[in-house]
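Trainee: Got a structure here, written out as structure tokens. Questions coming.
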Amino acid sequence: MIFSERFTTKWHDTDAMRRVRITQMLVYMQEVSNHHMASCGMTLDELRDKKGLAFILSKIRMSVYRPLYAFEDITVQTWTCDSRGYAISRSYRIMRGEEVIADADSTWALIDIRSRELVKGEVCGYAFENEPPVEVDVSGRFKLPKDASLESAGQRRIVYSDLDYNMHMNNTRYPDMLCDFIPLEDVENIKGVFLSYVHEAAFGDVLDVRHARVTERTISER
């Protein structure tokens with residue numbers, strides 16, 4: 001079943017081009033999924049405090065088709081999809097009227113906080129009704145070419161404003177962090193993102209951000 005909520009975008013969601021940042025689009029998407037879980041009987045905090053379980057994001061792909069601006073009325077949708085093993089699939093969509101602004105699909109895992117072991121999604125007890133996954137234009141199989149030389153773009157310390165309840169950088173903060181190291185004219189042209197999360201970035205950690213410019217031709221040859 002598709003779960004949806006309506007929002008009005010905020011001025012503080014926007015960037016130097018007066019467009020809603022990708023990070024804020026992810027915030028709207030994940031906020032709706034939080035409400036979806038609460039509507040099914042348990043909030044994220046209750047899941048953690050009563051059952052000792054937490055969702056962690058493994059990867060997310062998002063296609064952005066049109067820009068959003070401040071004070072626009074949007075509908076944000078989310079739904080769960082058929083999953084395999086320990087992977088939990090969830091899709092998202094942002095709409096302005098009948099226009100699709102952005103689509104995203106994501107893969108999550110559920111962990112036991114004490115043992116740090118993966119558990120299957122049905123342990124939660126949520127009664128979700130699955131729908132087919134959204135189709136996203138961004139490839140989920142991007143592989144960095146062997147001849148790509150990764151250079152350090154700079155370092156980034158994890159600070160208070162990055163943190164969530166788990167005391168690590170919230171997954172929605174990563175696009176802003178990465179955009180901080182990208183020329184402004186390139187940020188303006190972003191049409192999609194693919195984020196794969198391998199390790200947590202905890203409070204006080206210092207990250208070394210590395211980058212390489214990959215041409216479309218190189219990507220097509222991967």
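Naming scheme: A, B, ... for chains in displayed order of the structure tokens; residues 1 onward per chain; ligands 1 onward as shown.
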Might you pull out every residue within 12 Å of range 133-139 of chain A, with only C-alpha atoms counted and same-chain residues fewer than 3 positions away left off, and present them as number ranges by chain?
Mentor: A: 1-2, 59-65, 77-83, 88-94, 100, 102-107, 130, 142-143, 190-195, 219-220, 222
Trainee: Write a file of the just-selected residues containing N, CA and C atoms, as a tab-separated table (two decimals), in the first residue's frame.
Mentor:
```tsv
chain	number	residue	atom	x	y	z
A	1	MET	N	0.84	-1.19	0.00
A	1	MET	CA	0.00	0.00	0.00
A	1	MET	C	0.88	1.25	0.00
A	2	ILE	N	0.56	2.19	-0.83
A	2	ILE	CA	1.30	3.46	-0.91
A	2	ILE	C	0.83	4.38	0.21
A	59	LYS	N	21.83	1.20	0.87
A	59	LYS	CA	22.05	1.98	-0.34
A	59	LYS	C	20.76	2.64	-0.77
A	60	ILE	N	20.91	3.72	-1.49
A	60	ILE	CA	19.76	4.45	-2.02
A	60	ILE	C	20.13	5.08	-3.36
A	61	ARG	N	19.20	5.01	-4.30
A	61	ARG	CA	19.34	5.67	-5.61
A	61	ARG	C	18.20	6.66	-5.75
A	62	MET	N	18.51	7.83	-6.27
A	62	MET	CA	17.46	8.83	-6.47
A	62	MET	C	17.65	9.52	-7.81
A	63	SER	N	16.58	9.60	-8.58
A	63	SER	CA	16.55	10.38	-9.82
A	63	SER	C	15.78	11.66	-9.58
A	64	VAL	N	16.35	12.79	-9.99
A	64	VAL	CA	15.69	14.09	-9.85
A	64	VAL	C	15.34	14.58	-11.25
A	65	TYR	N	14.05	14.73	-11.53
A	65	TYR	CA	13.59	15.09	-12.87
A	65	TYR	C	13.34	16.58	-13.02
A	77	GLN	N	5.40	10.20	-1.29
A	77	GLN	CA	4.88	8.84	-1.18
A	77	GLN	C	5.99	7.87	-0.81
A	78	THR	N	5.61	6.80	-0.12
A	78	THR	CA	6.54	5.71	0.15
A	78	THR	C	5.78	4.41	0.23
A	79	TRP	N	6.47	3.32	-0.06
A	79	TRP	CA	5.88	1.99	0.06
A	79	TRP	C	6.99	0.94	0.15
A	80	THR	N	6.68	-0.16	0.77
A	80	THR	CA	7.62	-1.26	0.85
A	80	THR	C	7.45	-2.16	-0.37
A	81	CYS	N	8.51	-2.89	-0.69
A	81	CYS	CA	8.53	-3.78	-1.85
A	81	CYS	C	8.97	-5.18	-1.40
A	82	ASP	N	8.73	-6.15	-2.26
A	82	ASP	CA	9.18	-7.51	-1.95
A	82	ASP	C	10.67	-7.51	-1.66
A	83	SER	N	11.05	-8.19	-0.60
A	83	SER	CA	12.45	-8.20	-0.17
A	83	SER	C	12.98	-9.63	-0.12
A	88	ILE	N	15.79	-5.18	3.06
A	88	ILE	CA	14.44	-4.64	3.13
A	88	ILE	C	14.34	-3.50	2.12
A	89	SER	N	13.43	-3.62	1.16
A	89	SER	CA	13.33	-2.66	0.06
A	89	SER	C	12.20	-1.67	0.29
A	90	ARG	N	12.48	-0.41	-0.02
A	90	ARG	CA	11.46	0.64	0.12
A	90	ARG	C	11.65	1.64	-1.01
A	91	SER	N	10.52	2.09	-1.58
A	91	SER	CA	10.54	3.08	-2.67
A	91	SER	C	9.94	4.39	-2.20
A	92	TYR	N	10.28	5.46	-2.95
A	92	TYR	CA	9.80	6.81	-2.62
A	92	TYR	C	9.46	7.57	-3.90
A	93	ARG	N	8.59	8.56	-3.76
A	93	ARG	CA	8.29	9.47	-4.87
A	93	ARG	C	7.86	10.82	-4.31
A	94	ILE	N	8.36	11.90	-4.94
A	94	ILE	CA	7.92	13.25	-4.61
A	94	ILE	C	7.18	13.80	-5.82
A	100	VAL	N	5.96	14.36	-11.46
A	100	VAL	CA	6.90	13.60	-10.63
A	100	VAL	C	8.20	14.40	-10.55
A	102	ALA	N	10.85	13.57	-8.15
A	102	ALA	CA	11.97	12.67	-7.86
A	102	ALA	C	11.45	11.29	-7.49
A	103	ASP	N	12.20	10.27	-7.88
A	103	ASP	CA	11.95	8.88	-7.49
A	103	ASP	C	13.18	8.35	-6.77
A	104	ALA	N	12.97	7.42	-5.86
A	104	ALA	CA	14.10	6.80	-5.18
A	104	ALA	C	13.75	5.38	-4.76
A	105	ASP	N	14.74	4.51	-4.81
A	105	ASP	CA	14.58	3.20	-4.20
A	105	ASP	C	15.71	2.99	-3.20
A	106	SER	N	15.46	2.18	-2.20
A	106	SER	CA	16.44	2.03	-1.14
A	106	SER	C	16.44	0.61	-0.61
A	107	THR	N	17.57	0.24	-0.04
A	107	THR	CA	17.71	-1.07	0.60
A	107	THR	C	18.19	-0.84	2.03
A	130	ASN	N	3.06	-4.81	0.38
A	130	ASN	CA	4.08	-4.46	-0.61
A	130	ASN	C	3.49	-4.05	-1.95
A	142	PHE	N	27.06	0.98	-10.71
A	142	PHE	CA	28.21	1.80	-11.10
A	142	PHE	C	29.50	1.26	-10.47
A	143	LYS	N	30.51	1.11	-11.28
A	143	LYS	CA	31.82	0.65	-10.81
A	143	LYS	C	32.87	1.64	-11.26
A	190	ILE	N	23.17	18.36	-11.00
A	190	ILE	CA	22.96	17.00	-10.49
A	190	ILE	C	21.55	16.53	-10.84
A	191	LYS	N	21.48	15.36	-11.47
A	191	LYS	CA	20.19	14.79	-11.86
A	191	LYS	C	19.88	13.48	-11.11
A	192	GLY	N	20.82	13.03	-10.30
A	192	GLY	CA	20.58	11.81	-9.56
A	192	GLY	C	21.76	11.49	-8.66
A	193	VAL	N	21.52	10.63	-7.69
A	193	VAL	CA	22.57	10.20	-6.78
A	193	VAL	C	22.44	8.71	-6.52
A	194	PHE	N	23.57	8.08	-6.24
A	194	PHE	CA	23.60	6.70	-5.79
A	194	PHE	C	24.56	6.65	-4.61
A	195	LEU	N	24.03	6.36	-3.43
A	195	LEU	CA	24.83	6.32	-2.22
A	195	LEU	C	24.84	4.89	-1.67
A	219	ILE	N	31.76	5.84	-18.27
A	219	ILE	CA	30.67	5.15	-17.59
A	219	ILE	C	30.00	4.15	-18.51
A	220	SER	N	29.79	4.53	-19.77
A	220	SER	CA	29.10	3.65	-20.72
A	220	SER	C	29.93	2.41	-21.04
A	222	ARG	N	31.76	0.78	-18.76
A	222	ARG	CA	32.05	-0.02	-17.56
A	222	ARG	C	31.50	-1.44	-17.69
```
Trainee: What are the DSSP strand (DSSP E) residues of range 50-126 of chain A, as number ranges by chain?
Mentor: A: 53-64, 73-81, 88-96, 99-112, 118-119
Trainee: For Glu98 in chain A, please output as a PyMOL selection string all residues within 10 Å (counting only C-alpha atoms; exclusion window: fewer than 3 positions along the same chain).
Mentor: chain A and resi 74-75+95+101
Trainee: How would the residues just picked look written out with N, CA and C atoms as a PDB file, in the first residue's frame?
Mentor:
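Just written: result_5.pdb:
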```pdb
ATOM      1  N   ILE A  74       3.815  19.842  -2.057  1.00  0.00           N
ATOM      2  CA  ILE A  74       4.249  18.564  -2.617  1.00  0.00           C
ATOM      3  C   ILE A  74       3.554  17.410  -1.899  1.00  0.00           C
ATOM      4  N   THR A  75       3.464  16.298  -2.602  1.00  0.00           N
ATOM      5  CA  THR A  75       3.013  15.049  -2.008  1.00  0.00           C
ATOM      6  C   THR A  75       4.193  14.084  -2.026  1.00  0.00           C
ATOM      7  N   MET A  95       5.993  14.359  -5.575  1.00  0.00           N
ATOM      8  CA  MET A  95       5.164  14.889  -6.650  1.00  0.00           C
ATOM      9  C   MET A  95       4.739  16.321  -6.343  1.00  0.00           C
ATOM     10  N   ILE A 101       8.591  14.752  -9.344  1.00  0.00           N
ATOM     11  CA  ILE A 101       9.808  15.533  -9.118  1.00  0.00           C
ATOM     12  C   ILE A 101      11.017  14.629  -8.933  1.00  0.00           C
TER      13      ILE A 101
END
```
Trainee: Find, counting only C-alpha atoms, the residue in A:Ala109, A:Ala38, A:Val206, A:Ala70 that gets nearest to Val20 in chain A.
Mentor: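 Nearest candidate to Val20 in chain A out of A:Ala109, A:Ala38, A:Val206, A:Ala70: A:Ala70.
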Trainee: Could you please write out, as a list in words, every residue of range 66-177 of chain A that DSSP assigns to helix (DSSP H, G or I)?
Mentor: Gly121, Glu122, Val123, Cys124, Tyr160, Ser161, Asp162, Asn171, Thr172, Arg173, Tyr174, Pro175, Asp176 and Met177 of chain A
Trainee: Please dump the current selection as a short mmCIF file (atom, residue, chain, number, x, y, z; two decimals), in the first residue's frame; keep C-alpha atoms.
Mentor:
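Saved result, selection29.cif, follows:
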```
data_model
loop_
_atom_site.label_atom_id
_atom_site.label_comp_id
_atom_site.auth_asym_id
_atom_site.auth_seq_id
_atom_site.Cartn_x
_atom_site.Cartn_y
_atom_site.Cartn_z
CA GLY A 121 12.34 -7.61 8.75
CA GLU A 122 9.36 -9.67 9.87
CA VAL A 123 10.74 -9.62 13.42
CA CYS A 124 9.46 -6.01 13.70
CA TYR A 160 26.92 17.66 16.47
CA SER A 161 24.75 18.90 13.60
CA ASP A 162 25.38 15.66 11.66
CA ASN A 171 22.35 9.14 6.09
CA THR A 172 20.48 12.18 4.76
CA ARG A 173 23.45 14.43 5.56
CA TYR A 174 25.83 12.81 3.08
CA PRO A 175 24.64 14.59 -0.11
CA ASP A 176 25.24 17.99 1.50
CA MET A 177 28.68 16.88 2.66
#
```
Trainee: Could you name the residues that touch Asn189 in chain A at 12 Å or less, counting only C-alpha atoms, but leaving out those on the same chain fewer than 2 positions away, as a VMD selection string?
Mentor: chain A and resid 17 19 21 to 22 64 to 67 179 182 to 187 191 to 193
Trainee: What is the CA of Leu44 in chain A-CA of Arg96 in chain A distance in Å, reported with one decimal?
Mentor: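 These atoms are spaced 27.6 Å apart.
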Trainee: Env of Asn170 in chain A: 10 Å cut, atoms = only C-alpha atoms, seq-sep filter 3 positions within chain, self excluded. Answer as a count of residues only.
Mentor: 14
Trainee: Which value, in Å to one decimal, gives the distance between CA of Val119 in chain A and CA of Tyr197 in chain A?
Mentor: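 Those two atoms sit 18.1 Å apart.
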Trainee: Enter the distance from CA of Asp205 in chain A to CA of Gly154 in chain A, in Å, rounded to one decimal.
Mentor: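 CA of Gly154 in chain A lies 13.9 Å from CA of Asp205 in chain A.
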Trainee: Fewer than 2 positions away in the same chain doesn't count, so skip those; otherwise give me all residues within 12 Å of Lys120 in chain A, counting only C-alpha atoms, as a PyMOL selection string.
Mentor: chain A and resi 53-55+83-88+108-112+117-118+122-126
Trainee: Can you work out which one of A:Asn34, A:Ala148, A:Arg157, A:Asp180 has the shortest atom-to-atom distance to Arg213 in chain A, counting only C-alpha atoms?
Mentor: A:Ala148
